[in-house]
>>> print(open('structure.cif').read())   # mmCIF, N, CA and C atoms and all ligand atoms
data_final
loop_
_atom_site.label_atom_id
_atom_site.label_comp_id
_atom_site.auth_asym_id
_atom_site.auth_seq_id
_atom_site.Cartn_x
_atom_site.Cartn_y
_atom_site.Cartn_z
N MET O 581 -7.74 -15.98 8.86
CA MET O 581 -7.10 -15.16 7.80
C MET O 581 -6.59 -13.88 8.42
N MET O 582 -5.28 -13.72 8.42
CA MET O 582 -4.69 -12.54 9.03
C MET O 582 -4.01 -11.70 7.96
N ASP O 583 -4.11 -10.38 8.13
CA ASP O 583 -3.42 -9.49 7.18
C ASP O 583 -1.92 -9.62 7.32
N SER O 584 -1.20 -9.17 6.31
CA SER O 584 0.26 -9.18 6.35
C SER O 584 0.78 -8.36 7.53
N ILE O 585 1.78 -8.89 8.22
CA ILE O 585 2.44 -8.08 9.25
C ILE O 585 3.61 -7.31 8.64
N ILE O 586 3.93 -7.61 7.41
CA ILE O 586 5.09 -6.99 6.77
C ILE O 586 4.74 -5.62 6.22
N THR O 587 3.60 -5.50 5.59
CA THR O 587 3.22 -4.25 4.94
C THR O 587 1.71 -4.13 4.90
N LYS O 588 1.25 -2.90 4.94
CA LYS O 588 -0.19 -2.67 4.84
C LYS O 588 -0.60 -2.23 3.44
N SER O 589 0.39 -1.91 2.61
CA SER O 589 0.00 -1.35 1.30
C SER O 589 -0.12 -2.43 0.24
N LYS O 590 -1.14 -2.27 -0.57
CA LYS O 590 -1.43 -3.26 -1.61
C LYS O 590 -0.67 -2.92 -2.88
N LYS O 591 0.63 -3.24 -2.84
CA LYS O 591 1.48 -3.08 -4.01
C LYS O 591 2.62 -4.07 -3.90
N CYS O 592 3.29 -4.32 -5.02
CA CYS O 592 4.39 -5.27 -5.02
C CYS O 592 5.45 -4.83 -4.02
N TYR O 593 5.83 -5.74 -3.12
CA TYR O 593 6.80 -5.39 -2.07
C TYR O 593 8.18 -5.12 -2.65
N VAL O 594 8.44 -5.59 -3.84
CA VAL O 594 9.75 -5.40 -4.46
C VAL O 594 9.78 -4.14 -5.32
N CYS O 595 8.82 -4.00 -6.23
CA CYS O 595 8.90 -2.91 -7.21
C CYS O 595 7.80 -1.88 -7.09
N GLY O 596 6.81 -2.13 -6.25
CA GLY O 596 5.75 -1.14 -6.05
C GLY O 596 4.64 -1.18 -7.08
N ALA O 597 4.69 -2.13 -8.00
CA ALA O 597 3.60 -2.24 -9.00
C ALA O 597 2.27 -2.46 -8.28
N VAL O 598 1.21 -1.95 -8.88
CA VAL O 598 -0.12 -2.08 -8.25
C VAL O 598 -1.08 -2.93 -9.07
N THR O 599 -0.60 -3.45 -10.19
CA THR O 599 -1.46 -4.33 -11.00
C THR O 599 -0.87 -5.73 -11.03
N ASN O 600 -1.72 -6.72 -11.35
CA ASN O 600 -1.32 -8.13 -11.43
C ASN O 600 -0.66 -8.57 -10.11
N LEU O 601 -1.31 -8.25 -9.00
CA LEU O 601 -0.73 -8.59 -7.70
C LEU O 601 -1.12 -10.00 -7.26
N HIS O 602 -0.17 -10.70 -6.69
CA HIS O 602 -0.40 -12.03 -6.13
C HIS O 602 -0.08 -11.95 -4.63
N CYS O 603 -0.78 -12.74 -3.83
CA CYS O 603 -0.45 -12.83 -2.40
C CYS O 603 0.54 -13.98 -2.23
N HIS O 604 1.74 -13.66 -1.74
CA HIS O 604 2.77 -14.67 -1.57
C HIS O 604 2.93 -15.03 -0.10
N HIS O 605 2.86 -16.33 0.20
CA HIS O 605 3.11 -16.82 1.56
C HIS O 605 4.62 -17.03 1.70
N ILE O 606 5.22 -16.33 2.65
CA ILE O 606 6.69 -16.27 2.72
C ILE O 606 7.29 -17.61 3.12
N PHE O 607 6.61 -18.31 4.03
CA PHE O 607 7.07 -19.66 4.40
C PHE O 607 6.06 -20.64 3.82
N MET O 608 6.55 -21.56 3.03
CA MET O 608 5.67 -22.41 2.24
C MET O 608 5.70 -23.84 2.75
N GLY O 609 5.16 -24.71 1.97
CA GLY O 609 5.15 -26.12 2.33
C GLY O 609 4.45 -26.33 3.66
N ALA O 610 5.13 -27.03 4.57
CA ALA O 610 4.54 -27.33 5.87
C ALA O 610 4.26 -26.06 6.68
N ASN O 611 4.94 -24.96 6.34
CA ASN O 611 4.78 -23.72 7.11
C ASN O 611 3.76 -22.76 6.49
N ARG O 612 3.06 -23.21 5.45
CA ARG O 612 2.13 -22.30 4.79
C ARG O 612 1.04 -21.82 5.76
N LYS O 613 0.50 -22.73 6.57
CA LYS O 613 -0.55 -22.35 7.51
C LYS O 613 0.01 -21.38 8.56
N ILE O 614 1.26 -21.60 8.95
CA ILE O 614 1.91 -20.69 9.89
C ILE O 614 2.03 -19.31 9.27
N SER O 615 2.35 -19.26 7.98
CA SER O 615 2.40 -17.98 7.28
C SER O 615 1.04 -17.30 7.31
N GLU O 616 0.01 -18.09 7.05
CA GLU O 616 -1.36 -17.55 7.05
C GLU O 616 -1.72 -17.03 8.44
N ASP O 617 -1.48 -17.83 9.46
CA ASP O 617 -1.92 -17.48 10.81
C ASP O 617 -1.13 -16.30 11.39
N ASN O 618 0.09 -16.09 10.92
CA ASN O 618 0.93 -15.04 11.50
C ASN O 618 1.14 -13.84 10.58
N GLY O 619 0.49 -13.87 9.45
CA GLY O 619 0.59 -12.72 8.53
C GLY O 619 1.93 -12.62 7.82
N PHE O 620 2.60 -13.76 7.63
CA PHE O 620 3.86 -13.75 6.88
C PHE O 620 3.54 -13.81 5.38
N LYS O 621 2.97 -12.71 4.90
CA LYS O 621 2.52 -12.66 3.51
C LYS O 621 2.87 -11.29 2.95
N VAL O 622 3.14 -11.25 1.68
CA VAL O 622 3.34 -9.97 1.00
C VAL O 622 2.65 -10.04 -0.36
N TYR O 623 2.34 -8.87 -0.89
CA TYR O 623 1.90 -8.80 -2.27
C TYR O 623 3.12 -8.70 -3.17
N LEU O 624 3.11 -9.48 -4.23
CA LEU O 624 4.14 -9.40 -5.26
C LEU O 624 3.44 -9.31 -6.60
N CYS O 625 4.04 -8.56 -7.53
CA CYS O 625 3.51 -8.56 -8.90
C CYS O 625 3.83 -9.92 -9.52
N GLY O 626 3.18 -10.23 -10.61
CA GLY O 626 3.40 -11.52 -11.27
C GLY O 626 4.87 -11.75 -11.57
N TYR O 627 5.54 -10.70 -12.05
CA TYR O 627 6.96 -10.82 -12.40
C TYR O 627 7.79 -11.24 -11.19
N HIS O 628 7.55 -10.60 -10.06
CA HIS O 628 8.34 -10.92 -8.86
C HIS O 628 7.79 -12.12 -8.08
N HIS O 629 6.66 -12.68 -8.55
CA HIS O 629 6.11 -13.86 -7.89
C HIS O 629 6.49 -15.12 -8.68
N ASN O 630 5.67 -15.50 -9.65
CA ASN O 630 5.94 -16.78 -10.32
C ASN O 630 5.84 -16.70 -11.84
N GLN O 631 5.92 -15.49 -12.38
CA GLN O 631 5.79 -15.36 -13.83
C GLN O 631 7.11 -14.99 -14.52
N SER O 632 8.22 -15.14 -13.82
CA SER O 632 9.54 -14.94 -14.45
C SER O 632 10.57 -15.72 -13.65
N ASN O 633 11.74 -15.90 -14.25
CA ASN O 633 12.81 -16.59 -13.52
C ASN O 633 13.31 -15.77 -12.34
N ASP O 634 13.10 -14.45 -12.39
CA ASP O 634 13.55 -13.57 -11.30
C ASP O 634 12.54 -13.53 -10.15
N GLY O 635 11.37 -14.10 -10.35
CA GLY O 635 10.37 -14.11 -9.29
C GLY O 635 10.79 -15.00 -8.14
N VAL O 636 10.14 -14.83 -7.01
CA VAL O 636 10.54 -15.56 -5.80
C VAL O 636 10.43 -17.08 -6.00
N HIS O 637 9.52 -17.53 -6.86
CA HIS O 637 9.41 -18.96 -7.14
C HIS O 637 10.23 -19.38 -8.37
N GLY O 638 10.93 -18.45 -8.99
CA GLY O 638 11.66 -18.75 -10.22
C GLY O 638 13.05 -19.30 -9.95
N ASN O 639 13.73 -19.65 -11.04
CA ASN O 639 15.06 -20.26 -10.92
C ASN O 639 16.06 -19.33 -10.23
N ASN O 640 15.89 -18.02 -10.41
CA ASN O 640 16.83 -17.06 -9.81
C ASN O 640 16.25 -16.42 -8.55
N GLY O 641 15.25 -17.03 -7.97
CA GLY O 641 14.51 -16.38 -6.90
C GLY O 641 15.04 -16.59 -5.49
N HIS O 642 16.14 -17.33 -5.36
CA HIS O 642 16.59 -17.71 -4.01
C HIS O 642 16.90 -16.48 -3.14
N GLU O 643 17.60 -15.51 -3.73
CA GLU O 643 17.99 -14.33 -2.94
C GLU O 643 16.75 -13.55 -2.47
N LEU O 644 15.81 -13.40 -3.37
CA LEU O 644 14.57 -12.69 -3.02
C LEU O 644 13.82 -13.47 -1.94
N ASP O 645 13.78 -14.78 -2.07
CA ASP O 645 13.12 -15.63 -1.07
C ASP O 645 13.75 -15.42 0.31
N MET O 646 15.08 -15.44 0.35
CA MET O 646 15.79 -15.26 1.63
C MET O 646 15.52 -13.88 2.21
N TRP O 647 15.52 -12.85 1.35
CA TRP O 647 15.28 -11.48 1.82
C TRP O 647 13.88 -11.34 2.41
N LEU O 648 12.90 -11.94 1.76
CA LEU O 648 11.53 -11.86 2.28
C LEU O 648 11.42 -12.59 3.62
N LYS O 649 12.12 -13.71 3.75
CA LYS O 649 12.11 -14.44 5.03
C LYS O 649 12.75 -13.60 6.14
N GLN O 650 13.82 -12.90 5.78
CA GLN O 650 14.47 -12.01 6.75
C GLN O 650 13.55 -10.85 7.14
N GLU O 651 12.88 -10.29 6.15
CA GLU O 651 11.94 -9.20 6.43
C GLU O 651 10.84 -9.67 7.39
N ALA O 652 10.32 -10.87 7.13
CA ALA O 652 9.28 -11.43 7.99
C ALA O 652 9.79 -11.62 9.41
N GLN O 653 11.01 -12.15 9.52
CA GLN O 653 11.57 -12.39 10.85
C GLN O 653 11.82 -11.07 11.58
N ARG O 654 12.38 -10.08 10.87
CA ARG O 654 12.64 -8.77 11.49
C ARG O 654 11.34 -8.16 12.02
N ARG O 655 10.30 -8.25 11.23
CA ARG O 655 9.02 -7.67 11.63
C ARG O 655 8.45 -8.44 12.82
N TYR O 656 8.51 -9.76 12.78
CA TYR O 656 7.99 -10.61 13.85
C TYR O 656 8.71 -10.32 15.16
N GLU O 657 10.02 -10.11 15.06
CA GLU O 657 10.83 -9.90 16.27
C GLU O 657 10.66 -8.52 16.88
N LYS O 658 9.87 -7.65 16.24
CA LYS O 658 9.50 -6.40 16.91
C LYS O 658 8.57 -6.66 18.08
N THR O 659 7.85 -7.77 18.03
CA THR O 659 6.90 -8.07 19.10
C THR O 659 7.13 -9.45 19.74
N HIS O 660 8.10 -10.18 19.25
CA HIS O 660 8.39 -11.51 19.79
C HIS O 660 9.91 -11.67 19.91
N SER O 661 10.31 -12.72 20.64
CA SER O 661 11.74 -13.01 20.77
C SER O 661 12.22 -13.88 19.60
N ARG O 662 13.53 -13.95 19.44
CA ARG O 662 14.09 -14.83 18.41
C ARG O 662 13.71 -16.28 18.70
N GLY O 663 13.70 -16.65 19.98
CA GLY O 663 13.31 -18.02 20.34
C GLY O 663 11.89 -18.33 19.88
N ASP O 664 10.99 -17.34 19.99
CA ASP O 664 9.61 -17.54 19.52
C ASP O 664 9.61 -17.83 18.03
N PHE O 665 10.44 -17.07 17.29
CA PHE O 665 10.47 -17.25 15.84
C PHE O 665 10.98 -18.64 15.48
N ILE O 666 12.05 -19.04 16.13
CA ILE O 666 12.64 -20.35 15.83
C ILE O 666 11.67 -21.48 16.21
N ALA O 667 10.95 -21.29 17.32
CA ALA O 667 9.96 -22.29 17.72
C ALA O 667 8.89 -22.44 16.64
N LEU O 668 8.59 -21.33 15.98
CA LEU O 668 7.53 -21.33 14.97
C LEU O 668 8.01 -21.90 13.64
N ILE O 669 9.16 -21.42 13.18
CA ILE O 669 9.60 -21.71 11.80
C ILE O 669 10.70 -22.78 11.78
N GLY O 670 11.38 -22.97 12.88
CA GLY O 670 12.39 -24.03 12.93
C GLY O 670 13.82 -23.55 12.79
N ARG O 671 14.01 -22.31 12.34
CA ARG O 671 15.37 -21.77 12.20
C ARG O 671 15.30 -20.26 12.11
N SER O 672 16.48 -19.64 12.29
CA SER O 672 16.58 -18.19 12.11
C SER O 672 17.19 -17.88 10.75
N PHE O 673 16.72 -16.79 10.14
CA PHE O 673 17.28 -16.35 8.86
C PHE O 673 18.16 -15.12 9.04
N LEU O 674 18.34 -14.69 10.29
CA LEU O 674 19.12 -13.48 10.58
C LEU O 674 20.42 -13.84 11.29
ZN ZN O 701 7.18 -6.44 -8.63
ZN ZN O 702 4.19 -17.43 -3.66
#
>>> encode(input="structure.cif", output="structure tokens")
Amino acid sequence: MMDSIITKSKKCYVCGAVTNLHCHHIFMGANRKISEDNGFKVYLCGYHHNQSNDGVHGNNGHELDMWLKQEAQRRYEKTHSRGDFIALIGRSFL
């Protein structure tokens, strides 16, 4: 269990809310464990997670999903190469 590499603060990464926080794994499905092991996680409030259409898992969430993936990649590439990221996740989002 690794802490988020994206942010250290326990608040919604989108709006800054501090209540009803969910831990969101930025890369899901087959990459969920990779997200866990590499700290590709952020806190999101329920609204920005899965309790509205605008949430990252909602019908309108694609843009937010892509932005979070880019944020994760940017942060990862501060200490790793782009090739390392692609080897891990399978593609670049930048
Ligand atoms: Zn929020
Ligand atoms: Zn999630």
>>> residues_near_ligand(input="structure.cif", ligand="ligand ZN 702 (chain O)", cutoff="8 Å", atoms="all atoms listed in the file", output="number ranges by chain")
O: 602-606, 608, 628-630, 636-637
>>> closest_atom_pairs(input="structure.cif", of="chain O", to="ligand ZN 701 (chain O)", cutoff="6.5 Å", atoms="all atoms listed in the file", output="Markdown table")
| residue | atom | partner | partner_atom | distance |
| --- | --- | --- | --- | --- |
| O:Cys592 | CA | O:ZN701 | ZN | 4.7 |
| O:Tyr593 | N | O:ZN701 | ZN | 5.7 |
| O:Val594 | C | O:ZN701 | ZN | 4.8 |
| O:Cys595 | N | O:ZN701 | ZN | 3.8 |
| O:Gly596 | N | O:ZN701 | ZN | 4.9 |
| O:Ala597 | N | O:ZN701 | ZN | 5.0 |
| O:Leu624 | C | O:ZN701 | ZN | 5.1 |
| O:Cys625 | N | O:ZN701 | ZN | 3.9 |
| O:Gly626 | N | O:ZN701 | ZN | 5.9 |
| O:Tyr627 | C | O:ZN701 | ZN | 5.5 |
| O:His628 | N | O:ZN701 | ZN | 4.4 |
| O:His629 | N | O:ZN701 | ZN | 6.3 |
>>> select_by_dssp(input="structure.cif", residues="chain O", states="strand (DSSP E)", output="list in words")
Leu601, His602, Cys603, His604, His605, Lys621, Val622, Tyr623, Leu624 and Cys625 of chain O
>>> write_last_selection(input="structure.cif", atoms="N, CA and C atoms", output="PDB file, in the coordinates of the input")
ATOM      1  N   LEU O 601      -1.310  -8.250  -9.000  1.00  0.00           N
ATOM      2  CA  LEU O 601      -0.730  -8.590  -7.700  1.00  0.00           C
ATOM      3  C   LEU O 601      -1.120 -10.000  -7.260  1.00  0.00           C
ATOM      4  N   HIS O 602      -0.170 -10.700  -6.690  1.00  0.00           N
ATOM      5  CA  HIS O 602      -0.400 -12.030  -6.130  1.00  0.00           C
ATOM      6  C   HIS O 602      -0.080 -11.950  -4.630  1.00  0.00           C
ATOM      7  N   CYS O 603      -0.780 -12.740  -3.830  1.00  0.00           N
ATOM      8  CA  CYS O 603      -0.450 -12.830  -2.400  1.00  0.00           C
ATOM      9  C   CYS O 603       0.540 -13.980  -2.230  1.00  0.00           C
ATOM     10  N   HIS O 604       1.740 -13.660  -1.740  1.00  0.00           N
ATOM     11  CA  HIS O 604       2.770 -14.670  -1.570  1.00  0.00           C
ATOM     12  C   HIS O 604       2.930 -15.030  -0.100  1.00  0.00           C
ATOM     13  N   HIS O 605       2.860 -16.330   0.200  1.00  0.00           N
ATOM     14  CA  HIS O 605       3.110 -16.820   1.560  1.00  0.00           C
ATOM     15  C   HIS O 605       4.620 -17.030   1.700  1.00  0.00           C
ATOM     16  N   LYS O 621       2.970 -12.710   4.900  1.00  0.00           N
ATOM     17  CA  LYS O 621       2.520 -12.660   3.510  1.00  0.00           C
ATOM     18  C   LYS O 621       2.870 -11.290   2.950  1.00  0.00           C
ATOM     19  N   VAL O 622       3.140 -11.250   1.680  1.00  0.00           N
ATOM     20  CA  VAL O 622       3.340  -9.970   1.000  1.00  0.00           C
ATOM     21  C   VAL O 622       2.650 -10.040  -0.360  1.00  0.00           C
ATOM     22  N   TYR O 623       2.340  -8.870  -0.890  1.00  0.00           N
ATOM     23  CA  TYR O 623       1.900  -8.800  -2.270  1.00  0.00           C
ATOM     24  C   TYR O 623       3.120  -8.700  -3.170  1.00  0.00           C
ATOM     25  N   LEU O 624       3.110  -9.480  -4.230  1.00  0.00           N
ATOM     26  CA  LEU O 624       4.140  -9.400  -5.260  1.00  0.00           C
ATOM     27  C   LEU O 624       3.440  -9.310  -6.600  1.00  0.00           C
ATOM     28  N   CYS O 625       4.040  -8.560  -7.530  1.00  0.00           N
ATOM     29  CA  CYS O 625       3.510  -8.560  -8.900  1.00  0.00           C
ATOM     30  C   CYS O 625       3.830  -9.920  -9.520  1.00  0.00           C
TER      31      CYS O 625
END
>>> residues_around(input="structure.cif", residues="Trp647 in chain O", least_positions_apart="4", cutoff="10 Å", atoms="only C-alpha atoms", output="ChimeraX atom specification")
/O:606,636,642-643,651-653,673-674
>>> atom_distance(input="structure.cif", atom1="atom N of Leu668 in chain O", atom2="CA of Lys591 in chain O")
28.0 Å
>>> atom_distance(input="structure.cif", atom1="atom N of Lys658 in chain O", atom2="atom C of Gly641 in chain O")
24.1 Å
>>> select_by_dssp(input="structure.cif", residues="chain O", states="alpha helix (DSSP H)", output="PyMOL selection string")
chain O and resi 612-618+626-629+642-656+662-669
>>> atom_distance(input="structure.cif", atom1="atom N of Ser661 in chain O", atom2="CA of Ala610 in chain O")
21.6 Å
>>> closest_residue(input="structure.cif", among="O:Phe607, O:Arg655, O:Leu644, O:Ser589", to="Tyr623 in chain O", atoms="only N, CA and C atoms")
O:Ser589
